[in-house]
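Engineer: Pasting protein-v3.pdb here (PDB, C-alpha atoms):
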ATOM      1  CA  MET T   7     -10.540  29.159   2.394
ATOM      2  CA  GLU T   8      -9.343  27.391   5.473
ATOM      3  CA  ASP T   9      -7.048  24.409   4.919
ATOM      4  CA  THR T  10      -8.786  21.189   6.019
ATOM      5  CA  ARG T  11      -5.600  19.119   6.140
ATOM      6  CA  PRO T  12      -4.437  19.910   9.694
ATOM      7  CA  ASP T  13      -7.696  18.592  11.203
ATOM      8  CA  PHE T  14      -8.774  15.974   8.665
ATOM      9  CA  ARG T  15      -5.533  15.123   6.769
ATOM     10  CA  LEU T  16      -7.344  15.620   3.432
ATOM     11  CA  SER T  17      -7.521  18.693   1.215
ATOM     12  CA  ARG T  18     -10.930  20.176   0.404
ATOM     13  CA  GLU T  19     -10.801  18.634  -3.074
ATOM     14  CA  ALA T  20      -9.982  15.160  -1.706
ATOM     15  CA  LEU T  21     -12.757  15.581   0.856
ATOM     16  CA  ARG T  22     -15.238  16.453  -1.900
ATOM     17  CA  VAL T  23     -14.275  13.342  -3.932
ATOM     18  CA  LEU T  24     -14.643  11.113  -0.853
ATOM     19  CA  LEU T  25     -18.065  12.552   0.029
ATOM     20  CA  ASP T  26     -19.262  12.129  -3.578
ATOM     21  CA  LEU T  27     -18.142   8.479  -3.600
ATOM     22  CA  LEU T  28     -19.846   7.792  -0.273
ATOM     23  CA  ARG T  29     -23.058   9.587  -1.245
ATOM     24  CA  SER T  30     -23.359   7.765  -4.557
ATOM     25  CA  ASP T  31     -22.783   4.490  -2.752
ATOM     26  CA  ARG T  32     -24.769   4.991   0.430
ATOM     27  CA  ARG T  33     -26.448   7.947   2.033
ATOM     28  CA  HIS T  34     -27.642  11.510   1.483
ATOM     29  CA  GLY T  35     -27.854  14.737   3.428
ATOM     30  CA  TRP T  36     -25.743  16.696   5.863
ATOM     31  CA  GLY T  37     -25.707  13.933   8.449
ATOM     32  CA  SER T  38     -23.437  11.808   6.265
ATOM     33  CA  THR T  39     -21.001  14.712   5.829
ATOM     34  CA  ILE T  40     -20.704  15.298   9.576
ATOM     35  CA  GLU T  41     -20.251  11.579  10.211
ATOM     36  CA  THR T  42     -17.513  11.356   7.579
ATOM     37  CA  LEU T  43     -15.724  14.341   9.153
ATOM     38  CA  ILE T  44     -15.967  12.663  12.570
ATOM     39  CA  PHE T  45     -14.344   9.526  11.112
ATOM     40  CA  LEU T  46     -11.543  11.535   9.437
ATOM     41  CA  PHE T  47     -10.921  13.531  12.617
ATOM     42  CA  TRP T  48     -10.718  10.227  14.525
ATOM     43  CA  LEU T  49      -8.045   9.021  12.070
ATOM     44  CA  ALA T  50      -6.198  12.356  12.240
ATOM     45  CA  CYS T  51      -5.980  12.376  16.031
ATOM     46  CA  GLY T  52      -4.770   8.806  16.371
ATOM     47  CA  THR T  53      -8.058   6.919  16.851
ATOM     48  CA  SER T  54      -8.926   8.540  20.186
ATOM     49  CA  TYR T  55     -12.672   8.316  20.841
ATOM     50  CA  ARG T  56     -12.234  10.592  23.877
ATOM     51  CA  VAL T  57     -10.654  13.450  21.871
ATOM     52  CA  VAL T  58     -13.342  13.222  19.159
ATOM     53  CA  SER T  59     -16.086  13.083  21.776
ATOM     54  CA  ARG T  60     -14.875  16.381  23.275
ATOM     55  CA  ALA T  61     -14.298  18.097  19.917
ATOM     56  CA  PHE T  62     -17.777  17.269  18.577
ATOM     57  CA  ASP T  63     -19.540  17.415  21.947
ATOM     58  CA  MET T  64     -21.153  14.006  21.669
ATOM     59  CA  PRO T  65     -21.044  10.817  23.762
ATOM     60  CA  ARG T  66     -18.145   8.425  23.213
ATOM     61  CA  SER T  67     -20.582   5.600  22.442
ATOM     62  CA  THR T  68     -22.026   7.689  19.581
ATOM     63  CA  VAL T  69     -18.539   8.454  18.228
ATOM     64  CA  HIS T  70     -17.667   4.751  18.415
ATOM     65  CA  ARG T  71     -20.817   3.801  16.476
ATOM     66  CA  ILE T  72     -20.247   6.487  13.805
ATOM     67  CA  VAL T  73     -16.568   5.578  13.338
ATOM     68  CA  HIS T  74     -17.321   1.892  12.806
ATOM     69  CA  ARG T  75     -20.205   2.610  10.432
ATOM     70  CA  VAL T  76     -18.246   5.091   8.282
ATOM     71  CA  ALA T  77     -15.196   2.793   8.240
ATOM     72  CA  GLU T  78     -17.436   0.055   6.776
ATOM     73  CA  GLU T  79     -18.772   2.494   4.185
ATOM     74  CA  VAL T  80     -15.294   3.674   3.160
ATOM     75  CA  VAL T  81     -14.086   0.068   2.856
ATOM     76  CA  ALA T  82     -17.179  -0.694   0.716
ATOM     77  CA  ILE T  83     -15.975   1.749  -1.997
ATOM     78  CA  ARG T  84     -12.483   0.224  -2.146
ATOM     79  CA  HIS T  85     -12.961  -1.383  -5.583
ATOM     80  CA  GLN T  86     -13.810   2.027  -7.052
ATOM     81  CA  VAL T  87     -10.570   3.491  -5.689
ATOM     82  CA  ILE T  88      -8.061   0.615  -5.392
ATOM     83  CA  HIS T  89      -8.106  -1.302  -8.680
ATOM     84  CA  LEU T  90      -5.839  -2.730 -11.349
ATOM     85  CA  PRO T  91      -5.329  -0.759 -14.596
ATOM     86  CA  ASN T  92      -8.686  -0.795 -16.405
ATOM     87  CA  THR T  93      -7.563  -0.509 -20.037
ATOM     88  CA  PRO T  94      -4.549  -1.422 -22.201
ATOM     89  CA  GLU T  95      -3.773   2.304 -22.330
ATOM     90  CA  ASP T  96      -3.729   2.518 -18.518
ATOM     91  CA  LEU T  97      -1.438  -0.520 -18.335
ATOM     92  CA  GLU T  98       0.896   0.971 -20.931
ATOM     93  CA  ALA T  99       1.085   4.227 -18.939
ATOM     94  CA  VAL T 100       2.027   2.259 -15.802
ATOM     95  CA  CYS T 101       4.726   0.301 -17.672
ATOM     96  CA  ARG T 102       6.174   3.446 -19.254
ATOM     97  CA  GLY T 103       6.165   4.986 -15.800
ATOM     98  CA  PHE T 104       8.174   2.134 -14.301
ATOM     99  CA  ALA T 105      10.685   2.288 -17.168
ATOM    100  CA  GLY T 106      11.011   6.001 -16.371
ATOM    101  CA  LEU T 107      11.563   5.312 -12.680
ATOM    102  CA  ALA T 108      14.110   2.575 -13.480
ATOM    103  CA  ARG T 109      15.673   4.792 -16.163
ATOM    104  CA  HIS T 110      15.884   1.820 -18.479
ATOM    105  CA  ARG T 111      13.809   0.313 -21.287
ATOM    106  CA  ALA T 112      14.358  -3.200 -19.950
ATOM    107  CA  PHE T 113      11.646  -2.372 -17.393
ATOM    108  CA  LEU T 114       8.946  -1.512 -19.957
ATOM    109  CA  LYS T 115       7.033  -4.641 -18.898
ATOM    110  CA  ALA T 116       7.033  -3.808 -15.173
ATOM    111  CA  ALA T 117       3.371  -3.500 -14.179
ATOM    112  CA  GLY T 118       3.643  -2.837 -10.439
ATOM    113  CA  ALA T 119       5.794  -2.972  -7.309
ATOM    114  CA  ILE T 120       4.889  -5.111  -4.280
ATOM    115  CA  ASP T 121       5.925  -5.071  -0.623
ATOM    116  CA  GLY T 122       4.634  -5.700   2.863
ATOM    117  CA  CYS T 123       4.187  -3.046   5.532
ATOM    118  CA  HIS T 124       3.976  -3.815   9.259
ATOM    119  CA  VAL T 125       1.400  -1.698  11.101
ATOM    120  CA  ARG T 126       1.951  -1.521  14.868
ATOM    121  CA  ILE T 127      -1.008  -2.713  16.924
ATOM    122  CA  LYS T 128      -2.030  -3.319  20.491
ATOM    123  CA  PRO T 129      -1.979  -7.144  20.480
ATOM    124  CA  PRO T 130      -4.804  -9.280  21.817
ATOM    125  CA  SER T 131      -4.227 -10.654  25.286
ATOM    126  CA  GLY T 132      -3.500 -14.314  25.868
ATOM    127  CA  PRO T 133      -1.383 -16.751  23.862
ATOM    128  CA  ASP T 134      -2.726 -15.490  20.519
ATOM    129  CA  GLY T 135      -0.979 -12.179  21.117
ATOM    130  CA  GLN T 136       2.452 -13.748  20.541
ATOM    131  CA  CYS T 137       1.771 -14.577  16.886
ATOM    132  CA  TYR T 138       1.414 -10.844  16.151
ATOM    133  CA  ARG T 139       5.020 -10.193  17.240
ATOM    134  CA  ASN T 140       7.167  -9.730  14.135
ATOM    135  CA  ARG T 141      10.893 -10.332  13.681
ATOM    136  CA  LYS T 142      11.599  -6.795  14.940
ATOM    137  CA  LEU T 143       9.784  -7.860  18.120
ATOM    138  CA  PHE T 144       6.843  -5.451  18.011
ATOM    139  CA  PRO T 145       3.232  -6.632  17.471
ATOM    140  CA  SER T 146       1.867  -5.837  14.030
ATOM    141  CA  ILE T 147      -0.580  -6.660  11.272
ATOM    142  CA  ILE T 148       0.708  -6.908   7.704
ATOM    143  CA  LEU T 149      -0.491  -4.826   4.768
ATOM    144  CA  GLN T 150       0.602  -6.324   1.441
ATOM    145  CA  ALA T 151       0.229  -3.805  -1.366
ATOM    146  CA  VAL T 152       1.017  -3.394  -5.047
ATOM    147  CA  CYS T 153       1.357   0.156  -6.379
ATOM    148  CA  ASP T 154       1.720   1.752  -9.788
ATOM    149  CA  HIS T 155       4.494   4.104 -10.950
ATOM    150  CA  GLN T 156       2.902   7.065  -9.139
ATOM    151  CA  GLY T 157       2.543   5.334  -5.781
ATOM    152  CA  ARG T 158      -1.187   4.650  -6.177
ATOM    153  CA  PHE T 159      -2.230   1.341  -4.634
ATOM    154  CA  ILE T 160      -3.678  -1.022  -7.254
ATOM    155  CA  ASP T 161      -4.042  -4.057  -4.964
ATOM    156  CA  THR T 162      -4.123  -4.446  -1.177
ATOM    157  CA  TYR T 163      -4.393  -7.485   1.109
ATOM    158  CA  VAL T 164      -4.369  -6.941   4.847
ATOM    159  CA  GLY T 165      -4.877  -8.902   8.045
ATOM    160  CA  TRP T 166      -2.092 -11.453   8.569
ATOM    161  CA  PRO T 167      -0.295 -11.295  11.942
ATOM    162  CA  GLY T 168       3.226  -9.858  12.014
ATOM    163  CA  SER T 169       5.035 -13.158  12.626
ATOM    164  CA  VAL T 170       4.087 -14.452   9.161
ATOM    165  CA  HIS T 171       6.692 -14.172   6.374
ATOM    166  CA  ASP T 172       5.929 -11.834   3.437
ATOM    167  CA  ALA T 173       6.251 -14.745   0.997
ATOM    168  CA  ARG T 174       3.616 -16.750   2.892
ATOM    169  CA  VAL T 175       1.227 -13.792   2.940
ATOM    170  CA  LEU T 176       1.728 -13.494  -0.823
ATOM    171  CA  ARG T 177       0.929 -17.170  -1.422
ATOM    172  CA  HIS T 178      -2.419 -16.846   0.359
ATOM    173  CA  SER T 179      -3.380 -13.586  -1.352
ATOM    174  CA  PRO T 180      -5.987 -13.386  -4.151
ATOM    175  CA  LEU T 181      -3.308 -11.730  -6.332
ATOM    176  CA  PHE T 182      -1.275 -14.961  -6.247
ATOM    177  CA  ARG T 183      -4.102 -17.495  -6.211
ATOM    178  CA  ARG T 184      -6.204 -15.967  -9.007
ATOM    179  CA  SER T 185      -3.233 -14.998 -11.204
ATOM    180  CA  VAL T 186      -5.272 -12.406 -13.143
ATOM    181  CA  TYR T 187      -2.587  -9.717 -13.006
ATOM    182  CA  PRO T 188      -0.195  -8.813 -14.498
ATOM    183  CA  PRO T 189      -0.994  -9.835 -18.105
ATOM    184  CA  PRO T 190       1.282 -12.329 -19.909
ATOM    185  CA  GLY T 191       4.745 -10.944 -20.637
ATOM    186  CA  HIS T 192       4.573  -8.473 -17.749
ATOM    187  CA  PHE T 193       5.960  -8.703 -14.218
ATOM    188  CA  ILE T 194       5.776  -7.155 -10.762
ATOM    189  CA  LEU T 195       8.891  -5.858  -8.986
ATOM    190  CA  ALA T 196       9.628  -7.209  -5.508
ATOM    191  CA  ASP T 197      12.478  -7.149  -2.991
ATOM    192  CA  GLY T 198      14.589 -10.127  -1.907
ATOM    193  CA  GLY T 199      12.020 -11.163   0.702
ATOM    194  CA  TYR T 200       9.979 -12.646  -2.135
ATOM    195  CA  PRO T 201      10.787 -15.551  -4.452
ATOM    196  CA  CYS T 202      11.765 -14.734  -8.052
ATOM    197  CA  LEU T 203       8.917 -16.292 -10.045
ATOM    198  CA  GLN T 204       7.636 -16.637 -13.585
ATOM    199  CA  HIS T 205       4.486 -18.603 -12.701
ATOM    200  CA  PRO T 206       1.826 -18.431 -11.266
ATOM    201  CA  LEU T 207       2.633 -14.794 -10.400
ATOM    202  CA  PRO T 208       5.502 -13.200 -12.330
ATOM    203  CA  LEU T 209       7.743 -11.537  -9.718
ATOM    204  CA  ILE T 210      11.182 -10.170 -10.520
ATOM    205  CA  THR T 211      13.473  -9.683  -7.527
ATOM    206  CA  PRO T 212      17.051  -8.336  -7.346
ATOM    207  CA  TYR T 213      20.094 -10.606  -7.430
ATOM    208  CA  LYS T 214      21.046 -11.738  -3.959
ATOM    209  CA  ARG T 215      24.092 -10.359  -2.159
ATOM    210  CA  PRO T 216      26.980 -10.698  -2.663
ATOM    211  CA  VAL T 217      26.190  -9.666  -6.231
ATOM    212  CA  ARG T 218      28.597 -11.107  -8.770
ATOM    213  CA  GLY T 219      29.359  -9.225 -11.961
ATOM    214  CA  VAL T 220      28.845  -5.689 -13.165
ATOM    215  CA  GLY T 221      25.733  -6.647 -15.155
ATOM    216  CA  ALA T 222      23.926  -7.978 -12.081
ATOM    217  CA  GLN T 223      24.962  -4.917 -10.049
ATOM    218  CA  ARG T 224      23.654  -2.605 -12.752
ATOM    219  CA  PHE T 225      20.391  -4.572 -12.953
ATOM    220  CA  ASN T 226      19.925  -4.293  -9.171
ATOM    221  CA  LEU T 227      20.463  -0.525  -9.341
ATOM    222  CA  HIS T 228      17.765   0.003 -11.996
ATOM    223  CA  HIS T 229      15.482  -2.492 -10.259
ATOM    224  CA  SER T 230      15.815  -0.601  -6.955
ATOM    225  CA  ARG T 231      15.072   2.752  -8.606
ATOM    226  CA  ALA T 232      11.758   1.406  -9.885
ATOM    227  CA  ARG T 233      10.768  -0.817  -6.959
ATOM    228  CA  SER T 234      11.339   1.803  -4.266
ATOM    229  CA  ILE T 235       8.108   3.581  -5.307
ATOM    230  CA  ILE T 236       6.184   1.114  -3.108
ATOM    231  CA  GLU T 237       8.250   2.165  -0.082
ATOM    232  CA  ARG T 238       7.555   5.771  -0.986
ATOM    233  CA  ALA T 239       3.822   5.024  -1.232
ATOM    234  CA  PHE T 240       3.858   3.492   2.255
ATOM    235  CA  GLY T 241       5.883   6.486   3.455
ATOM    236  CA  MET T 242       3.354   8.986   2.067
ATOM    237  CA  MET T 243       0.445   7.135   3.664
ATOM    238  CA  LYS T 244       2.271   6.900   7.004
ATOM    239  CA  THR T 245       3.113  10.617   6.927
ATOM    240  CA  ARG T 246      -0.499  11.600   6.140
ATOM    241  CA  PHE T 247      -1.859   9.431   8.953
ATOM    242  CA  ARG T 248       1.163   9.747  11.201
ATOM    243  CA  SER T 249      -0.914   9.568  14.382
ATOM    244  CA  ILE T 250      -1.945   6.049  13.372
ATOM    245  CA  PHE T 251       1.158   4.606  11.766
ATOM    246  CA  LEU T 252       3.893   6.027  13.987
ATOM    247  CA  LYS T 253       2.595   4.403  17.181
ATOM    248  CA  ALA T 254       0.607   1.306  18.122
ATOM    249  CA  LEU T 255      -2.913   1.350  16.691
ATOM    250  CA  GLU T 256      -5.166   1.115  19.740
ATOM    251  CA  VAL T 257      -8.292  -0.459  18.311
ATOM    252  CA  HIS T 258      -9.438  -4.067  18.529
ATOM    253  CA  HIS T 259      -7.190  -6.206  16.311
ATOM    254  CA  THR T 260     -10.195  -7.407  14.274
ATOM    255  CA  PHE T 261     -10.989  -3.774  13.322
ATOM    256  CA  VAL T 262      -7.399  -2.957  12.298
ATOM    257  CA  PRO T 263      -7.749  -4.245   8.678
ATOM    258  CA  HIS T 264     -10.710  -1.881   8.144
ATOM    259  CA  VAL T 265      -8.704   1.098   9.417
ATOM    260  CA  ILE T 266      -5.658   0.245   7.282
ATOM    261  CA  THR T 267      -7.773  -0.333   4.163
ATOM    262  CA  ALA T 268      -9.554   2.995   4.725
ATOM    263  CA  CYS T 269      -6.177   4.772   4.937
ATOM    264  CA  ALA T 270      -5.059   3.137   1.665
ATOM    265  CA  ILE T 271      -8.295   4.272  -0.020
ATOM    266  CA  LEU T 272      -7.852   7.838   1.261
ATOM    267  CA  HIS T 273      -4.201   7.799   0.102
ATOM    268  CA  ASN T 274      -5.353   6.992  -3.453
ATOM    269  CA  ILE T 275      -8.083   9.652  -3.419
ATOM    270  CA  CYS T 276      -5.542  12.249  -2.308
ATOM    271  CA  LEU T 277      -3.036  11.275  -5.012
ATOM    272  CA  GLY T 278      -5.823  11.463  -7.598
ATOM    273  CA  VAL T 279      -6.485  15.148  -6.857
ATOM    274  CA  GLY T 280      -2.817  16.097  -6.453
ATOM    275  CA  ASP T 281      -2.998  16.297  -2.656
ATOM    276  CA  ILE T 282       0.498  14.867  -2.153
ATOM    277  CA  MET T 283       1.926  14.793   1.346
ATOM    278  CA  ALA T 284       5.624  15.659   1.567
ATOM    279  CA  LEU T 285       7.493  12.938   3.406
ATOM    280  CA  GLU T 286       8.239  14.324   6.861
ATOM    281  CA  ASP T 287       9.771  11.106   8.110
ATOM    282  CA  GLU T 288      12.365   9.039   6.345
ATOM    283  CA  HIS T 289      10.546   5.804   5.607
ATOM    284  CA  GLU T 290      12.195   2.983   7.437
ATOM    285  CA  GLU T 291      13.164   0.497   4.741
ATOM    286  CA  ASP T 292      12.444  -3.043   5.782
ATOM    287  CA  ASP T 293      15.488  -5.254   5.471
ATOM    288  CA  ALA T 294      14.795  -7.874   2.842
ATOM    289  CA  GLU T 295      14.392 -11.286   4.356
ATOM    290  CA  ASP T 296      15.387 -14.519   2.681
ATOM    291  CA  GLU T 297      12.757 -16.028   0.433
ATOM    292  CA  GLY T 298      10.051 -17.857   2.303
ATOM    293  CA  GLU T 299       9.026 -21.475   2.037
ATOM    294  CA  HIS T 300       7.692 -22.544  -1.338
ATOM    295  CA  GLY T 301       4.794 -24.841  -0.522
ATOM    296  CA  LEU T 302       3.108 -24.441  -3.940
ATOM    297  CA  GLU T 303       4.073 -25.495  -7.455
ATOM    298  CA  THR T 304       5.925 -22.557  -8.990
ATOM    299  CA  VAL T 305       8.201 -21.790 -11.921
ATOM    300  CA  SER T 306      11.339 -19.794 -11.156
ATOM    301  CA  GLY T 307      11.736 -16.355 -12.709
ATOM    302  CA  ALA T 308      15.565 -16.523 -12.569
ATOM    303  CA  PRO T 309      16.017 -17.117 -16.344
ATOM    304  CA  TRP T 310      13.707 -14.162 -17.069
ATOM    305  CA  ARG T 311      15.711 -12.009 -14.645
ATOM    306  CA  ASP T 312      18.939 -13.048 -16.430
ATOM    307  CA  GLN T 313      17.377 -12.018 -19.731
ATOM    308  CA  LEU T 314      16.367  -8.618 -18.303
ATOM    309  CA  SER T 315      19.855  -8.192 -16.851
ATOM    310  CA  ALA T 316      21.345  -8.856 -20.298
ATOM    311  CA  GLU T 317      19.007  -6.202 -21.749
ATOM    312  CA  VAL T 318      20.144  -3.732 -19.108
ATOM    313  CA  SER T 319      23.753  -4.301 -20.187
ATOM    314  CA  ALA T 320      22.900  -4.108 -23.897
ATOM    315  CA  LEU T 321      20.287  -1.359 -24.137
ATOM    316  CA  GLU T 322      20.502   2.352 -23.552
ATOM    317  CA  GLU T 323      18.868   4.027 -20.583
ATOM    318  CA  VAL T 324      15.499   5.749 -20.906
ATOM    319  CA  PRO T 325      15.744   9.532 -21.309
ATOM    320  CA  ILE T 326      14.075  11.139 -18.305
ATOM    321  CA  ASP T 327      11.183  13.065 -19.833
ATOM    322  CA  HIS T 328       8.812  12.638 -16.890
ATOM    323  CA  ASP T 329       9.211  13.075 -13.185
ATOM    324  CA  TYR T 330       6.886  10.358 -11.980
ATOM    325  CA  LEU T 331       7.150  11.316  -8.321
TER     326      LEU T 331
END
In structure tokens, write the structure found in this file.

Structural biologist:
Amino acid sequence: MEDTRPDFRLSREALRVLLDLLRSDRRHGWGSTIETLIFLFWLACGTSYRVVSRAFDMPRSTVHRIVHRVAEEVVAIRHQVIHLPNTPEDLEAVCRGFAGLARHRAFLKAAGAIDGCHVRIKPPSGPDGQCYRNRKLFPSIILQAVCDHQGRFIDTYVGWPGSVHDARVLRHSPLFRRSVYPPPGHFILADGGYPCLQHPLPLITPYKRPVRGVGAQRFNLHHSRARSIIERAFGMMKTRFRSIFLKALEVHHTFVPHVITACAILHNICLGVGDIMALEDEHEEDDAEDEGEHGLETVSGAPWRDQLSAEVSALEEVPIDHDYL
């Protein structure tokens, strides 16, 4: 059978799962299949309506209408595909996975890894365009995501302009404001661009440089091993949809969040069927910024981090019995 990945960036199995999800949620018949393929081809060729119009021999206006409709339908199934662990058993599997990635039992309560990803865009004209310019001086929209130990996204929040600090995006996100995840006693791993918190959202960050003491250095090493899965998840998604993520996304800035969310959904579907994209490009690690402004009542996670660091020094490492990715 012919490989569908070169043209549509999804394997046949991933394509089947996507079509089943869309059919159960929306429409029936062959028309929906063709429209979904048009949308995927549009993503694969870097959101060019002209190229899709020629390939499918249909007017650009029709392609435009189909792409926007299917994007809405894909985004509508996001809660079926991007969701927090459903059961205690699922949560335990995630935590065991992070301990395996960290190679230490002190991380058996890690329930996710969070980071922000800047997606290049064509900025709106006028004065508003400047607020999309990030600290690396290119215009972008921010995707904040939390992933599990396998690089599957379990929470996404997208739409803030690139000039906004990761910590500020976090503080406005439902993840922070609703405080429903992770459960008590668990924490999410984050880089130094985020504050180390115990409440309202438990976030454990590495010790800041220069790191003093062997214990803190060792903690940072294990922390990095586990946390870097979120960078790998972004890297896999960017490699799969390289035509979108490796250049400026040339769609209207208000449509960008739909496109990014659709890519995150497709990333999860692909991981679920074992359609894993080898990283062709070394993911560019974002330099950790200083913690952002506080602005809300919070409780520092520094004492908890010290306790975890002490456990790292005292406890043995986890035997590597699984290769999580």

Engineer: Using all atoms listed in the file, which residues of segment 153-265 of chain T come within 6 Å of segment 301-315 of chain T, and what is the closest atom pair for each, with the distance in Å to one decimal? Give it as a tab-separated table, sorted by chain and residue number.

Structural biologist:
residue	atom	partner	partner_atom	distance
T:Cys202	CA	T:Gly307	CA	4.9
T:Leu203	CA	T:Gly307	CA	3.9
T:Gln204	CA	T:Gly307	CA	4.2
T:His205	CA	T:Val305	CA	5.0
T:Phe225	CA	T:Ser315	CA	5.3

Engineer: Residues at most 6 Å from segment 147-150 of chain T, counting only C-alpha atoms, excluding those fewer than 5 positions away in the same chain, as a list in words?

Structural biologist: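 That gives Asp121, Gly122, Cys123, His124, Val125, Thr162, Tyr163, Val164, Gly165, Trp166, Pro167 and Gly168 of chain T.
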
Engineer: Between atom CA of Ser146 of chain T and atom CA of Ile127 of chain T, what is the distance in Å, rounded to a tenth?

Structural biologist: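 Separating atom CA of Ser146 of chain T from atom CA of Ile127 of chain T is a distance of 5.1 Å.
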
Engineer: Can you list what the PyMOL selection byres ((chain T and resi 72) around 12) grabs from this structure, as a PyMOL selection string?

Structural biologist: chain T and resi 37-48+55+58-59+64-71+73-79

Engineer: Can you pull out the residues contacting Arg102 of chain T? Cut-off 10 Å, using all atoms listed in the file, and skip same-chain residues under 5 positions away; I want them as number ranges by chain.

Structural biologist: T: 96-97, 107-108, 110-111, 113-117, 155, 324, 328

Engineer: Quick one: of T:Ile235, T:Ile83, T:Val170, T:Leu207, who's nearest to Arg183 of chain T, counting all atoms listed in the file?

Structural biologist: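 Looking at the shortest contact to Arg183 of chain T, the residue is T:Leu207.
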
Engineer: At a cut-off of 9 Å, using only C-alpha atoms, what residues contact Leu272 of chain T? Leave out same-chain residues fewer than 5 positions from it and give the result as a CSV table (one decimal) with C-alpha atoms, in the frame of the given file.

Structural biologist:
chain,number,residue,atom,x,y,z
T,16,LEU,CA,-7.3,15.6,3.4
T,20,ALA,CA,-10.0,15.2,-1.7
T,24,LEU,CA,-14.6,11.1,-0.9
T,80,VAL,CA,-15.3,3.7,3.2
T,87,VAL,CA,-10.6,3.5,-5.7
T,243,MET,CA,0.4,7.1,3.7
T,267,THR,CA,-7.8,-0.3,4.2
T,277,LEU,CA,-3.0,11.3,-5.0

Engineer: Tell me which of T:Ala284, T:Leu49, T:Cys276, T:Val262 sits closest to Pro129 of chain T, counting only C-alpha atoms.

Structural biologist: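 Once distances to Pro129 of chain T are computed over only C-alpha atoms, the minimum belongs to T:Val262.
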
Engineer: Could you tell me which residues the PyMOL selection byres ((chain T and resi 158) around 10) grabs in this file, written as a list in words?

Structural biologist: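 Evaluating the PyMOL selection byres ((chain T and resi 158) around 10) on these coordinates yields Val87, Ile88, His89, Gly118, Ala151, Val152, Cys153, Asp154, His155, Gln156, Gly157, Phe159, Ile160, Asp161, Ile235, Ile236, Ala239, Phe240, Ala270, Ile271, His273, Asn274, Ile275, Cys276, Leu277 and Gly278 of chain T.
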
Engineer: Write the residues of the selection above to a file with C-alpha atoms, as a PDB file, in the frame of the given file.

Structural biologist:
ATOM      1  CA  VAL T  87     -10.570   3.491  -5.689  1.00  0.00           C
ATOM      2  CA  ILE T  88      -8.061   0.615  -5.392  1.00  0.00           C
ATOM      3  CA  HIS T  89      -8.106  -1.302  -8.680  1.00  0.00           C
ATOM      4  CA  GLY T 118       3.643  -2.837 -10.439  1.00  0.00           C
ATOM      5  CA  ALA T 151       0.229  -3.805  -1.366  1.00  0.00           C
ATOM      6  CA  VAL T 152       1.017  -3.394  -5.047  1.00  0.00           C
ATOM      7  CA  CYS T 153       1.357   0.156  -6.379  1.00  0.00           C
ATOM      8  CA  ASP T 154       1.720   1.752  -9.788  1.00  0.00           C
ATOM      9  CA  HIS T 155       4.494   4.104 -10.950  1.00  0.00           C
ATOM     10  CA  GLN T 156       2.902   7.065  -9.139  1.00  0.00           C
ATOM     11  CA  GLY T 157       2.543   5.334  -5.781  1.00  0.00           C
ATOM     12  CA  PHE T 159      -2.230   1.341  -4.634  1.00  0.00           C
ATOM     13  CA  ILE T 160      -3.678  -1.022  -7.254  1.00  0.00           C
ATOM     14  CA  ASP T 161      -4.042  -4.057  -4.964  1.00  0.00           C
ATOM     15  CA  ILE T 235       8.108   3.581  -5.307  1.00  0.00           C
ATOM     16  CA  ILE T 236       6.184   1.114  -3.108  1.00  0.00           C
ATOM     17  CA  ALA T 239       3.822   5.024  -1.232  1.00  0.00           C
ATOM     18  CA  PHE T 240       3.858   3.492   2.255  1.00  0.00           C
ATOM     19  CA  ALA T 270      -5.059   3.137   1.665  1.00  0.00           C
ATOM     20  CA  ILE T 271      -8.295   4.272  -0.020  1.00  0.00           C
ATOM     21  CA  HIS T 273      -4.201   7.799   0.102  1.00  0.00           C
ATOM     22  CA  ASN T 274      -5.353   6.992  -3.453  1.00  0.00           C
ATOM     23  CA  ILE T 275      -8.083   9.652  -3.419  1.00  0.00           C
ATOM     24  CA  CYS T 276      -5.542  12.249  -2.308  1.00  0.00           C
ATOM     25  CA  LEU T 277      -3.036  11.275  -5.012  1.00  0.00           C
ATOM     26  CA  GLY T 278      -5.823  11.463  -7.598  1.00  0.00           C
TER      27      GLY T 278
END
